[in-house]
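Enquirer: Please find one structure pasted underneath; my questions will follow.
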Amino acid sequence: MNYETVIGMEVHVELGTASKMFCSCPAEHFQVPPNRHVCPVCTAQPGALPVINGRAVELTVMTGMALNSRIRPRSVFARKNYTYPDLPKGYQISQYERPLCEGGHVDIAADGESRRVGIVRVHLEEDTGKLLHEGGASHVDLNRAGVPLMEIVSDASIRSAAEAGAYVQKIRQIVRYLGASSGDMEKGALRCEANISVRPAGSEALGTKVEVKNLNSFRSVRNAIDYEVERQVEVLEAGGQVRQVTMGWDETAEVTREQRSKEEADDYRYFPEPDLLELDLPEAWIEEVRGRLPELPDARAAALTALGLAPRDAEQLAEDGAVADYFEQVVAAGADPRTAANWVTGEIFRLLNESGGDIEALKVRPPQLAELIALAAAGAVSGPAAREVFGAMAESGGSPARIVEERGLQQVSDTGELESQVDEVIAAQADAADKVRSGDPKPIGFLVGQVMRATRGRANPQRVQELLRERLLS
């Protein structure tokens, strides 16, 4: 029997605020000594009262707008009751019946096709603490408890692991564009859960849903879904029934493991948070926030394509807002868009991969890269010399024209100077030269390379090739 996969995603995004959701403790918790950023509010001491973080509300509203959601003028925080060692209150302040944002959609591309994934809701809550298991004992670190957490819930329109991975990537791209979160999955700033079921192809009835947790990378999203789909199909093919449970993804063994039976909303006994008033958002404030939305990734990619870039290059540059800003600054400084795109997706991306840093920290600034592109276009430096200049700029910054002058990298086009270098290479590489004289043009490229090497990349390669042909083929 053929089966269809049905997937809904829950993406949890830690918001990039300075303080926690309901108190003034610092929200930073990565590589912070355990239980340093805690107070009576986030540790649930008697008499401590929460206060809503306005910036977290603003970032959630901006995300909802970017996802084409409807912003609720009035929303309510609720208590979600459950007992777990890293939840000091014994409940989590979240949203249930009246979230900040409802509905919406996001467009993705996967398996060569474009798809639209519906958004059910975007709501705001507080994060839990973290359990640490070591030396045969368990410890709790509450630095993360109370950090603002935005949950984005999709509908069940996702049909494959590839689509789910593309969806999570798009969500991460959007929250990074908005400055809502770093989206760093390795640090837990963005993590997700997949609700997966399978059904006979063509059936309208949904299969039994299984929730898979602990998905903290794009790779784990794809691999966990593929594994769980295969597991459910095997159960059904063997005549069994899929049980509604919560599974954890074991990254090392690459299998899902049952954790507990799946909770329903009634199990959490939601009720309005009595210590917080209803959240009332004035229409004027909502429109003011909407007016501050940046240009979003899809629109940015379309604008870059309009500059004459190939769609693939435009998508690469638009993937990160800071990279797109950098590229546009290079073009604004006078560089040809296509040439600038080649440099950014080539040499700049290589630097970023090597350093693991942000593009804002690079010593090669947009005006200097545009100047280097102009030097190469004018024939003042050859391609190899331009790359040497770029390497020097990457190490210490500075003007490319000054580096060319200091290192003597001006391109040599003078026929007299090049003739002597060409004659020396012909004499030194007699076998290759004889092959060219015999009618085989292939060694010409090798001979050009030898001249370029002898001149430290300063020779004009086009003029060198012309001289070689004059010498060997005339």
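As shown in the structure tokens, the chain order sets the letters A, B, ...; within each chain, residues go from 1, and ligands are also counted from 1 in the order they appear.
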Fewer than 6 positions away in the same chain doesn't count, so skip those; otherwise give me all residues within 7 Å of stretch 48-60 of chain A, counting only C-alpha atoms, as a list of chain:residue names.
Expert: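 Neighbouring residues, sequence-local ones excluded: A:Leu15, A:Thr17, A:Met21, A:Phe22, A:Cys23, A:Pro40, A:Val41, A:Leu124, A:Pro148, A:Met150, A:Ala180, A:Asp275.
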Enquirer: If we count only C-alpha atoms, what is near A:Tyr326 at a cut-off of 7 Å, once residues fewer than 4 positions away on the same chain are taken out, given as an mmCIF file with N, CA, C and O atoms, in the first residue's frame?
Expert:
```
data_model
loop_
_atom_site.group_PDB
_atom_site.id
_atom_site.type_symbol
_atom_site.label_atom_id
_atom_site.label_comp_id
_atom_site.auth_asym_id
_atom_site.auth_seq_id
_atom_site.Cartn_x
_atom_site.Cartn_y
_atom_site.Cartn_z
ATOM 1 N N ALA A 322 22.091 40.477 6.711
ATOM 2 C CA ALA A 322 23.354 41.215 6.803
ATOM 3 C C ALA A 322 24.187 41.023 5.545
ATOM 4 O O ALA A 322 24.867 41.952 5.086
ATOM 5 N N VAL A 330 28.151 47.169 -1.624
ATOM 6 C CA VAL A 330 29.202 47.026 -2.627
ATOM 7 C C VAL A 330 28.716 47.590 -3.964
ATOM 8 O O VAL A 330 29.431 48.340 -4.648
ATOM 9 N N PRO A 366 32.584 46.937 2.332
ATOM 10 C CA PRO A 366 31.998 47.087 0.994
ATOM 11 C C PRO A 366 32.682 48.112 0.092
ATOM 12 O O PRO A 366 32.940 47.801 -1.085
#
```
Enquirer: Between atom CA of A:His123 and atom CA of A:Leu178, what distance in Å does the model show, to one decimal?
Expert: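 Atom CA of A:His123 sits 16.5 Å away from atom CA of A:Leu178.
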Enquirer: Please provide the set of residues having any atom within 8 Å of A:Val221, restricted to only C-alpha atoms, with same-chain residues fewer than 3 positions apart removed, written as a list in words.
Expert: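 Listing them by chain and then by number gives Ala161, Ala164, Gly165, Ala194, Leu215, Asn216, Ser217, Phe218, Ala224 and Ile225 of chain A.
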Enquirer: Can I get the selection written as a PDB file, in the first residue's frame, with C-alpha atoms?
Expert:
```pdb
ATOM      1  CA  ALA A 161      10.876  15.560   5.515  1.00  0.00           C
ATOM      2  CA  ALA A 164       9.623  20.195   6.880  1.00  0.00           C
ATOM      3  CA  GLY A 165      13.322  21.068   6.695  1.00  0.00           C
ATOM      4  CA  ALA A 194       7.205  17.444  14.499  1.00  0.00           C
ATOM      5  CA  LEU A 215      14.990  18.299  16.899  1.00  0.00           C
ATOM      6  CA  ASN A 216      17.788  20.856  17.131  1.00  0.00           C
ATOM      7  CA  SER A 217      19.232  20.930  13.613  1.00  0.00           C
ATOM      8  CA  PHE A 218      17.956  20.848  10.037  1.00  0.00           C
ATOM      9  CA  ALA A 224      13.872  12.043  12.450  1.00  0.00           C
ATOM     10  CA  ILE A 225      10.843  12.478  10.192  1.00  0.00           C
TER      11      ILE A 225
END
```
Enquirer: Env of A:Ser382: 9 Å cut, atoms = only C-alpha atoms, seq-sep filter 6 positions within chain, self excluded. Answer as a PyMOL selection string.
Expert: chain A and resi 375-376+409-412+457-461
Enquirer: Choose the residue, out of A:Leu276, A:Val168, A:Leu293, A:Ile444, that has the smallest atom-to-atom separation from A:Gln95; count only C-alpha atoms.
Expert: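 Of A:Leu276, A:Val168, A:Leu293, A:Ile444, the one nearest A:Gln95 is A:Leu276, counting only C-alpha atoms.
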